[in-house]
>>> print(open('coords-v5.cif').read())   # mmCIF, C-alpha atoms; chains and numbers go by the auth columns
data_query
#
loop_
_atom_site.group_PDB
_atom_site.id
_atom_site.type_symbol
_atom_site.label_atom_id
_atom_site.label_comp_id
_atom_site.label_asym_id
_atom_site.label_seq_id
_atom_site.Cartn_x
_atom_site.Cartn_y
_atom_site.Cartn_z
_atom_site.B_iso_or_equiv
_atom_site.auth_seq_id
_atom_site.auth_asym_id
ATOM 1 C CA MET A 1 -10.918 15.943 -3.906 0.00 1 A
ATOM 2 C CA ASN A 2 -7.820 18.004 -4.580 0.00 2 A
ATOM 3 C CA LYS A 3 -4.074 17.416 -4.366 0.00 3 A
ATOM 4 C CA SER A 4 -3.598 19.274 -1.087 0.00 4 A
ATOM 5 C CA ASP A 5 -6.436 17.350 0.587 0.00 5 A
ATOM 6 C CA ILE A 6 -5.220 13.935 -0.593 0.00 6 A
ATOM 7 C CA TYR A 7 -1.613 14.624 0.456 0.00 7 A
ATOM 8 C CA ASN A 8 -2.833 15.801 3.876 0.00 8 A
ATOM 9 C CA GLN A 9 -5.031 12.689 4.207 0.00 9 A
ATOM 10 C CA ALA A 10 -2.007 10.551 3.335 0.00 10 A
ATOM 11 C CA LYS A 11 0.144 12.255 5.963 0.00 11 A
ATOM 12 C CA VAL A 12 -2.544 11.885 8.657 0.00 12 A
ATOM 13 C CA PHE A 13 -2.869 8.198 7.752 0.00 13 A
ATOM 14 C CA LEU A 14 0.910 7.680 7.787 0.00 14 A
ATOM 15 C CA LYS A 15 1.199 9.407 11.166 0.00 15 A
ATOM 16 C CA LYS A 16 -1.482 7.129 12.656 0.00 16 A
ATOM 17 C CA ILE A 17 -0.262 3.851 11.193 0.00 17 A
ATOM 18 C CA LEU A 18 3.396 4.512 11.994 0.00 18 A
ATOM 19 C CA ALA A 19 2.430 5.511 15.555 0.00 19 A
ATOM 20 C CA ASN A 20 0.484 2.223 15.842 0.00 20 A
ATOM 21 C CA ALA A 21 3.551 0.360 14.575 0.00 21 A
ATOM 22 C CA ALA A 22 5.783 2.069 17.164 0.00 22 A
ATOM 23 C CA GLU A 23 3.267 1.295 19.931 0.00 23 A
ATOM 24 C CA SER A 24 3.446 -2.340 18.835 0.00 24 A
ATOM 25 C CA SER A 25 7.267 -2.305 19.005 0.00 25 A
ATOM 26 C CA LEU A 26 7.380 -2.682 15.251 0.00 26 A
ATOM 27 C CA ASN A 27 10.439 -0.823 13.999 0.00 27 A
ATOM 28 C CA LEU A 28 10.024 0.011 10.318 0.00 28 A
ATOM 29 C CA LYS A 29 12.586 2.807 10.019 0.00 29 A
ATOM 30 C CA ASN A 30 15.031 0.690 7.974 0.00 30 A
ATOM 31 C CA PHE A 31 12.449 -0.212 5.358 0.00 31 A
ATOM 32 C CA PRO A 32 11.083 2.067 2.635 0.00 32 A
ATOM 33 C CA ILE A 33 7.346 2.539 2.222 0.00 33 A
ATOM 34 C CA ASP A 34 6.800 1.281 -1.296 0.00 34 A
ATOM 35 C CA HIS A 35 3.247 2.527 -1.759 0.00 35 A
ATOM 36 C CA LEU A 36 -0.040 3.524 -0.192 0.00 36 A
ATOM 37 C CA CYS A 37 -3.435 2.005 -0.919 0.00 37 A
ATOM 38 C CA TYR A 38 -6.393 4.341 -1.409 0.00 38 A
ATOM 39 C CA ARG A 39 -9.620 2.325 -1.097 0.00 39 A
ATOM 40 C CA THR A 40 -12.819 3.255 -2.886 0.00 40 A
ATOM 41 C CA ASP A 41 -16.339 2.484 -1.674 0.00 41 A
ATOM 42 C CA SER A 42 -18.075 1.990 -5.051 0.00 42 A
ATOM 43 C CA LEU A 43 -17.351 1.614 -8.756 0.00 43 A
ATOM 44 C CA GLU A 44 -18.446 5.227 -9.204 0.00 44 A
ATOM 45 C CA CYS A 45 -15.944 6.324 -6.542 0.00 45 A
ATOM 46 C CA TYR A 46 -13.280 4.150 -8.207 0.00 46 A
ATOM 47 C CA GLU A 47 -13.810 5.889 -11.555 0.00 47 A
ATOM 48 C CA LYS A 48 -13.805 9.328 -9.908 0.00 48 A
ATOM 49 C CA SER A 49 -10.621 8.475 -7.977 0.00 49 A
ATOM 50 C CA LYS A 50 -8.892 7.259 -11.149 0.00 50 A
ATOM 51 C CA LYS A 51 -9.662 10.550 -12.870 0.00 51 A
ATOM 52 C CA PHE A 52 -8.307 12.472 -9.886 0.00 52 A
ATOM 53 C CA PHE A 53 -5.103 10.431 -9.492 0.00 53 A
ATOM 54 C CA SER A 54 -4.435 10.797 -13.237 0.00 54 A
ATOM 55 C CA THR A 55 -4.193 14.578 -12.641 0.00 55 A
ATOM 56 C CA ILE A 56 -1.420 14.186 -10.023 0.00 56 A
ATOM 57 C CA GLY A 57 0.362 11.152 -11.436 0.00 57 A
ATOM 58 C CA HIS A 58 0.526 8.791 -14.349 0.00 58 A
ATOM 59 C CA LEU A 59 -1.056 5.378 -14.629 0.00 59 A
ATOM 60 C CA LEU A 60 1.444 2.539 -14.339 0.00 60 A
ATOM 61 C CA ILE A 61 -1.127 -0.211 -14.879 0.00 61 A
ATOM 62 C CA GLU A 62 -4.779 -1.052 -14.450 0.00 62 A
ATOM 63 C CA GLY A 63 -5.967 -4.605 -14.404 0.00 63 A
ATOM 64 C CA PRO A 64 -8.120 -7.185 -12.679 0.00 64 A
ATOM 65 C CA ILE A 65 -6.802 -8.592 -9.416 0.00 65 A
ATOM 66 C CA SER A 66 -8.934 -10.812 -7.167 0.00 66 A
ATOM 67 C CA GLY A 67 -11.980 -10.171 -9.320 0.00 67 A
ATOM 68 C CA ARG A 68 -11.947 -6.370 -9.411 0.00 68 A
ATOM 69 C CA PRO A 69 -9.941 -3.688 -11.206 0.00 69 A
ATOM 70 C CA ILE A 70 -6.971 -2.031 -9.523 0.00 70 A
ATOM 71 C CA ALA A 71 -5.203 1.040 -10.891 0.00 71 A
ATOM 72 C CA THR A 72 -1.686 2.002 -9.813 0.00 72 A
ATOM 73 C CA TYR A 73 -0.309 5.529 -10.177 0.00 73 A
ATOM 74 C CA LYS A 74 3.185 6.995 -10.002 0.00 74 A
ATOM 75 C CA LEU A 75 2.770 10.430 -8.419 0.00 75 A
ATOM 76 C CA LEU A 76 4.393 13.403 -10.136 0.00 76 A
ATOM 77 C CA GLU A 77 5.335 14.729 -6.683 0.00 77 A
ATOM 78 C CA PRO A 78 6.022 12.245 -3.858 0.00 78 A
ATOM 79 C CA ILE A 79 4.215 12.398 -0.539 0.00 79 A
ATOM 80 C CA HIS A 80 6.849 13.326 2.047 0.00 80 A
ATOM 81 C CA PHE A 81 6.346 12.306 5.659 0.00 81 A
ATOM 82 C CA GLU A 82 9.137 12.195 8.244 0.00 82 A
ATOM 83 C CA ASN A 83 11.987 10.303 6.527 0.00 83 A
ATOM 84 C CA TYR A 84 9.674 8.656 4.004 0.00 84 A
ATOM 85 C CA SER A 85 8.989 9.595 0.409 0.00 85 A
ATOM 86 C CA VAL A 86 6.110 7.717 -1.235 0.00 86 A
ATOM 87 C CA ASP A 87 5.425 8.137 -4.928 0.00 87 A
ATOM 88 C CA VAL A 88 3.140 5.196 -5.774 0.00 88 A
ATOM 89 C CA VAL A 89 -0.564 4.884 -4.904 0.00 89 A
ATOM 90 C CA GLU A 90 -2.695 1.831 -5.567 0.00 90 A
ATOM 91 C CA VAL A 91 -6.426 2.435 -6.122 0.00 91 A
ATOM 92 C CA PRO A 92 -8.556 -0.736 -5.993 0.00 92 A
ATOM 93 C CA ALA A 93 -12.237 -0.960 -6.818 0.00 93 A
ATOM 94 C CA PRO A 94 -14.158 -2.545 -3.951 0.00 94 A
ATOM 95 C CA LYS A 95 -14.638 -6.305 -3.947 0.00 95 A
ATOM 96 C CA VAL A 96 -18.194 -7.336 -4.761 0.00 96 A
ATOM 97 C CA GLY A 97 -20.200 -7.691 -1.553 0.00 97 A
ATOM 98 C CA LYS A 98 -17.508 -6.173 0.670 0.00 98 A
ATOM 99 C CA GLU A 99 -17.997 -2.736 2.200 0.00 99 A
ATOM 100 C CA THR A 100 -14.904 -0.577 2.299 0.00 100 A
ATOM 101 C CA PRO A 101 -14.768 3.041 3.390 0.00 101 A
ATOM 102 C CA GLU A 102 -13.113 5.487 1.005 0.00 102 A
ATOM 103 C CA GLY A 103 -9.628 6.567 2.010 0.00 103 A
ATOM 104 C CA PHE A 104 -6.152 5.303 2.758 0.00 104 A
ATOM 105 C CA GLU A 105 -6.255 1.752 4.084 0.00 105 A
ATOM 106 C CA HIS A 106 -2.785 0.227 4.079 0.00 106 A
ATOM 107 C CA ILE A 107 0.890 0.746 3.404 0.00 107 A
ATOM 108 C CA GLU A 108 3.276 -1.701 1.824 0.00 108 A
ATOM 109 C CA LEU A 109 6.955 -1.856 2.644 0.00 109 A
ATOM 110 C CA VAL A 110 9.850 -3.668 1.022 0.00 110 A
ATOM 111 C CA ILE A 111 11.961 -5.576 3.520 0.00 111 A
ATOM 112 C CA ASP A 112 15.431 -7.008 2.992 0.00 112 A
ATOM 113 C CA THR A 113 15.120 -9.863 5.449 0.00 113 A
ATOM 114 C CA SER A 114 13.265 -13.162 5.213 0.00 114 A
ATOM 115 C CA PHE A 115 9.675 -13.309 6.383 0.00 115 A
ATOM 116 C CA ASP A 116 10.635 -16.040 8.877 0.00 116 A
ATOM 117 C CA HIS A 117 13.341 -13.811 10.349 0.00 117 A
ATOM 118 C CA PHE A 118 10.965 -10.838 10.544 0.00 118 A
ATOM 119 C CA ILE A 119 8.367 -12.998 12.346 0.00 119 A
ATOM 120 C CA GLU A 120 11.034 -14.296 14.761 0.00 120 A
ATOM 121 C CA GLU A 121 12.053 -10.698 15.569 0.00 121 A
ATOM 122 C CA HIS A 122 8.427 -9.819 16.406 0.00 122 A
ATOM 123 C CA PRO A 123 7.010 -12.798 18.349 0.00 123 A
ATOM 124 C CA HIS A 124 4.508 -10.539 20.133 0.00 124 A
ATOM 125 C CA LEU A 125 2.672 -9.690 16.891 0.00 125 A
ATOM 126 C CA THR A 126 -0.055 -11.566 15.070 0.00 126 A
ATOM 127 C CA PHE A 127 0.715 -11.924 11.385 0.00 127 A
ATOM 128 C CA ASP A 128 -1.645 -12.644 8.523 0.00 128 A
ATOM 129 C CA ARG A 129 0.309 -15.248 6.560 0.00 129 A
ATOM 130 C CA LYS A 130 -2.183 -16.038 3.786 0.00 130 A
ATOM 131 C CA GLY A 131 -0.199 -13.862 1.332 0.00 131 A
ATOM 132 C CA LEU A 132 2.807 -16.146 1.760 0.00 132 A
ATOM 133 C CA SER A 133 1.108 -18.627 -0.569 0.00 133 A
ATOM 134 C CA LYS A 134 1.020 -16.141 -3.465 0.00 134 A
ATOM 135 C CA GLU A 135 2.957 -17.241 -6.511 0.00 135 A
ATOM 136 C CA HIS A 136 4.417 -13.780 -7.140 0.00 136 A
ATOM 137 C CA ASN A 137 5.461 -11.117 -4.646 0.00 137 A
ATOM 138 C CA LYS A 138 4.565 -12.991 -1.475 0.00 138 A
ATOM 139 C CA GLU A 139 3.359 -10.830 1.399 0.00 139 A
ATOM 140 C CA LEU A 140 3.159 -10.833 5.152 0.00 140 A
ATOM 141 C CA ALA A 141 0.547 -8.563 6.752 0.00 141 A
ATOM 142 C CA ILE A 142 -0.020 -7.011 10.153 0.00 142 A
ATOM 143 C CA LYS A 143 -3.394 -5.486 11.026 0.00 143 A
ATOM 144 C CA LEU A 144 -3.204 -2.472 13.318 0.00 144 A
ATOM 145 C CA GLU A 145 -5.877 -0.118 14.596 0.00 145 A
ATOM 146 C CA ALA A 146 -5.111 2.542 11.957 0.00 146 A
ATOM 147 C CA GLY A 147 -4.805 0.103 9.046 0.00 147 A
ATOM 148 C CA VAL A 148 -2.759 -2.713 7.611 0.00 148 A
ATOM 149 C CA ILE A 149 0.972 -2.958 6.999 0.00 149 A
ATOM 150 C CA LYS A 150 1.986 -5.365 4.241 0.00 150 A
ATOM 151 C CA LEU A 151 5.555 -6.512 3.782 0.00 151 A
ATOM 152 C CA HIS A 152 7.098 -7.615 0.475 0.00 152 A
ATOM 153 C CA HIS A 153 10.483 -8.303 -1.061 0.00 153 A
ATOM 154 C CA MET A 154 9.774 -6.507 -4.369 0.00 154 A
ATOM 155 C CA THR A 155 8.477 -3.025 -5.098 0.00 155 A
ATOM 156 C CA LEU A 156 5.098 -2.734 -6.787 0.00 156 A
ATOM 157 C CA GLU A 157 6.769 -0.970 -9.716 0.00 157 A
ATOM 158 C CA ASP A 158 9.114 -3.952 -10.187 0.00 158 A
ATOM 159 C CA VAL A 159 6.146 -6.336 -10.033 0.00 159 A
ATOM 160 C CA ILE A 160 4.368 -4.251 -12.683 0.00 160 A
ATOM 161 C CA LYS A 161 7.468 -4.233 -14.922 0.00 161 A
ATOM 162 C CA HIS A 162 7.705 -8.016 -14.566 0.00 162 A
ATOM 163 C CA GLU A 163 4.001 -8.431 -15.385 0.00 163 A
ATOM 164 C CA LYS A 164 4.243 -6.169 -18.446 0.00 164 A
ATOM 165 C CA ALA A 165 7.335 -8.015 -19.693 0.00 165 A
ATOM 166 C CA ASN A 166 5.435 -11.312 -19.498 0.00 166 A
ATOM 167 C CA LEU A 167 2.279 -10.178 -21.321 0.00 167 A
#
>>> encode(input="coords-v5.cif", output="structure tokens")
Amino acid sequence: MNKSDIYNQAKVFLKKILANAAESSLNLKNFPIDHLCYRTDSLECYEKSKKFFSTIGHLLIEGPISGRPIATYKLLEPIHFENYSVDVVEVPAPKVGKETPEGFEHIELVIDTSFDHFIEEHPHLTFDRKGLSKEHNKELAIKLEAGVIKLHHMTLEDVIKHEKANL
């Protein structure tokens, strides 16, 4: 794994998922991509990925979420793709008993409209609403062929700042 490879992988993933979104009449151009998620397939891969991402960014936080550790990095140099600039990558360890291939798996965007309004504007889509019951930083998700798009009202960095302030 090297910086050039990971940035290229990110751009290929972004091209595919944004093309899927456009094919689904899902217009995301007004919303910033807050971060990318880079999945790992084992604890060994998780540790290796953490070491790598620490060479191209700095650790914002690492902690247990849903029973496994997740590390979040602020990249020293953002990933630029079309009109997007993404400088945060989330790296979760795999959930116990769940197989996940290594690589980019989802993007998260911050929207400035209510979830209900967003759903009303896209009646043709199937939404995963289970994240709406979260206590903090509720989410609405859409599964596409290339991956998952998650929508929030707060950036991950703001969530992390809030969590650190309440430790």
>>> atom_distance(input="coords-v5.cif", atom1="CA of Gly57 (chain A)", atom2="CA of Glu77 (chain A)")
7.8 Å
>>> closest_residue(input="coords-v5.cif", among="A:Ala10, A:Leu76, A:Val91, A:Cys37", to="Pro64 (chain A)", atoms="all atoms listed in the file")
A:Val91
>>> resolve_selection(input="coords-v5.cif", expression="the PyMOL selection byres ((chain A and resi 155) around 10)", output="number ranges by chain")
A: 32-35, 88, 108-111, 137, 151-154, 156-161
>>> atom_distance(input="coords-v5.cif", atom1="CA of Leu59 (chain A)", atom2="CA of Glu47 (chain A)")
13.1 Å
>>> closest_residue(input="coords-v5.cif", among="A:Ser54, A:Thr113, A:Thr100, A:Asn20", to="Lys3 (chain A)", atoms="only C-alpha atoms")
A:Ser54
>>> decode(input="coords-v5.cif", residues="region 30-62 of chain A", atoms="N, CA, C and O atoms", output="tab-separated table (two decimals), in the first residue's frame")
chain	number	residue	atom	x	y	z
A	30	ASN	N	-24.72	19.39	-4.41
A	30	ASN	CA	-24.80	20.50	-3.46
A	30	ASN	C	-24.30	20.14	-2.08
A	30	ASN	O	-24.28	20.98	-1.18
A	31	PHE	N	-23.92	18.88	-1.89
A	31	PHE	CA	-23.52	18.42	-0.57
A	31	PHE	C	-22.06	17.98	-0.57
A	31	PHE	O	-21.64	17.23	-1.44
A	32	PRO	N	-21.30	18.40	0.41
A	32	PRO	CA	-19.90	17.98	0.49
A	32	PRO	C	-19.76	16.53	0.95
A	32	PRO	O	-20.56	16.05	1.75
A	33	ILE	N	-18.76	15.85	0.40
A	33	ILE	CA	-18.42	14.52	0.91
A	33	ILE	C	-17.58	14.75	2.15
A	33	ILE	O	-16.49	15.33	2.09
A	34	ASP	N	-18.10	14.32	3.28
A	34	ASP	CA	-17.43	14.54	4.55
A	34	ASP	C	-16.23	13.61	4.71
A	34	ASP	O	-15.16	14.02	5.10
A	35	HIS	N	-16.45	12.32	4.42
A	35	HIS	CA	-15.34	11.37	4.55
A	35	HIS	C	-15.62	10.09	3.78
A	35	HIS	O	-16.73	9.83	3.35
A	36	LEU	N	-14.55	9.33	3.63
A	36	LEU	CA	-14.60	8.00	3.00
A	36	LEU	C	-14.37	6.96	4.09
A	36	LEU	O	-13.69	7.23	5.08
A	37	CYS	N	-14.90	5.77	3.87
A	37	CYS	CA	-14.65	4.65	4.77
A	37	CYS	C	-13.82	3.61	4.04
A	37	CYS	O	-14.20	3.15	2.96
A	38	TYR	N	-12.69	3.25	4.66
A	38	TYR	CA	-11.81	2.22	4.12
A	38	TYR	C	-11.93	1.00	5.02
A	38	TYR	O	-11.45	0.98	6.15
A	39	ARG	N	-12.62	-0.03	4.53
A	39	ARG	CA	-12.86	-1.25	5.31
A	39	ARG	C	-11.61	-2.13	5.33
A	39	ARG	O	-10.83	-2.16	4.38
A	40	THR	N	-11.48	-2.87	6.41
A	40	THR	CA	-10.40	-3.85	6.54
A	40	THR	C	-11.01	-5.22	6.71
A	40	THR	O	-12.14	-5.36	7.19
A	41	ASP	N	-10.28	-6.26	6.30
A	41	ASP	CA	-10.85	-7.61	6.31
A	41	ASP	C	-10.40	-8.47	7.49
A	41	ASP	O	-10.84	-9.60	7.65
A	42	SER	N	-9.51	-7.93	8.34
A	42	SER	CA	-9.04	-8.66	9.51
A	42	SER	C	-8.42	-7.68	10.49
A	42	SER	O	-8.14	-6.52	10.13
A	43	LEU	N	-8.19	-8.12	11.72
A	43	LEU	CA	-7.52	-7.25	12.69
A	43	LEU	C	-6.10	-6.94	12.26
A	43	LEU	O	-5.60	-5.83	12.45
A	44	GLU	N	-5.44	-7.93	11.63
A	44	GLU	CA	-4.10	-7.71	11.11
A	44	GLU	C	-4.10	-6.61	10.03
A	44	GLU	O	-3.26	-5.72	10.02
A	45	CYS	N	-5.07	-6.69	9.13
A	45	CYS	CA	-5.22	-5.68	8.08
A	45	CYS	C	-5.54	-4.31	8.69
A	45	CYS	O	-5.04	-3.28	8.24
A	46	TYR	N	-6.37	-4.30	9.73
A	46	TYR	CA	-6.71	-3.06	10.43
A	46	TYR	C	-5.44	-2.40	10.98
A	46	TYR	O	-5.22	-1.20	10.78
A	47	GLU	N	-4.61	-3.18	11.66
A	47	GLU	CA	-3.38	-2.64	12.23
A	47	GLU	C	-2.44	-2.13	11.14
A	47	GLU	O	-1.84	-1.06	11.26
A	48	LYS	N	-2.32	-2.89	10.06
A	48	LYS	CA	-1.48	-2.49	8.93
A	48	LYS	C	-2.01	-1.20	8.29
A	48	LYS	O	-1.25	-0.28	7.97
A	49	SER	N	-3.33	-1.11	8.14
A	49	SER	CA	-3.95	0.07	7.54
A	49	SER	C	-3.76	1.30	8.43
A	49	SER	O	-3.51	2.40	7.93
A	50	LYS	N	-3.86	1.12	9.74
A	50	LYS	CA	-3.63	2.23	10.67
A	50	LYS	C	-2.21	2.78	10.52
A	50	LYS	O	-2.02	3.99	10.47
A	51	LYS	N	-1.25	1.87	10.45
A	51	LYS	CA	0.14	2.31	10.28
A	51	LYS	C	0.30	3.10	8.98
A	51	LYS	O	0.95	4.13	8.94
A	52	PHE	N	-0.32	2.59	7.91
A	52	PHE	CA	-0.22	3.28	6.62
A	52	PHE	C	-0.88	4.65	6.69
A	52	PHE	O	-0.27	5.66	6.30
A	53	PHE	N	-2.13	4.72	7.15
A	53	PHE	CA	-2.83	6.01	7.16
A	53	PHE	C	-2.15	7.02	8.08
A	53	PHE	O	-2.23	8.22	7.84
A	54	SER	N	-1.42	6.55	9.09
A	54	SER	CA	-0.68	7.48	9.96
A	54	SER	C	0.51	8.10	9.23
A	54	SER	O	1.04	9.12	9.67
A	55	THR	N	0.92	7.54	8.09
A	55	THR	CA	2.01	8.13	7.30
A	55	THR	C	1.50	9.20	6.34
A	55	THR	O	2.30	10.00	5.84
A	56	ILE	N	0.19	9.22	6.07
A	56	ILE	CA	-0.36	10.21	5.13
A	56	ILE	C	-1.38	11.13	5.80
A	56	ILE	O	-2.02	11.94	5.14
A	57	GLY	N	-1.54	10.97	7.10
A	57	GLY	CA	-2.48	11.80	7.84
A	57	GLY	C	-2.21	11.68	9.32
A	57	GLY	O	-1.30	10.98	9.74
A	58	HIS	N	-3.02	12.38	10.10
A	58	HIS	CA	-2.87	12.23	11.55
A	58	HIS	C	-4.16	11.71	12.16
A	58	HIS	O	-5.26	11.99	11.67
A	59	LEU	N	-4.00	10.92	13.19
A	59	LEU	CA	-5.12	10.27	13.86
A	59	LEU	C	-5.95	11.32	14.60
A	59	LEU	O	-5.43	12.06	15.42
A	60	LEU	N	-7.25	11.35	14.28
A	60	LEU	CA	-8.16	12.23	15.00
A	60	LEU	C	-8.67	11.54	16.27
A	60	LEU	O	-8.77	12.15	17.32
A	61	ILE	N	-8.99	10.24	16.12
A	61	ILE	CA	-9.50	9.47	17.24
A	61	ILE	C	-9.51	7.99	16.86
A	61	ILE	O	-9.63	7.64	15.69
A	62	GLU	N	-9.35	7.16	17.87
A	62	GLU	CA	-9.57	5.72	17.70
A	62	GLU	C	-10.34	5.27	18.92
A	62	GLU	O	-9.99	5.62	20.05
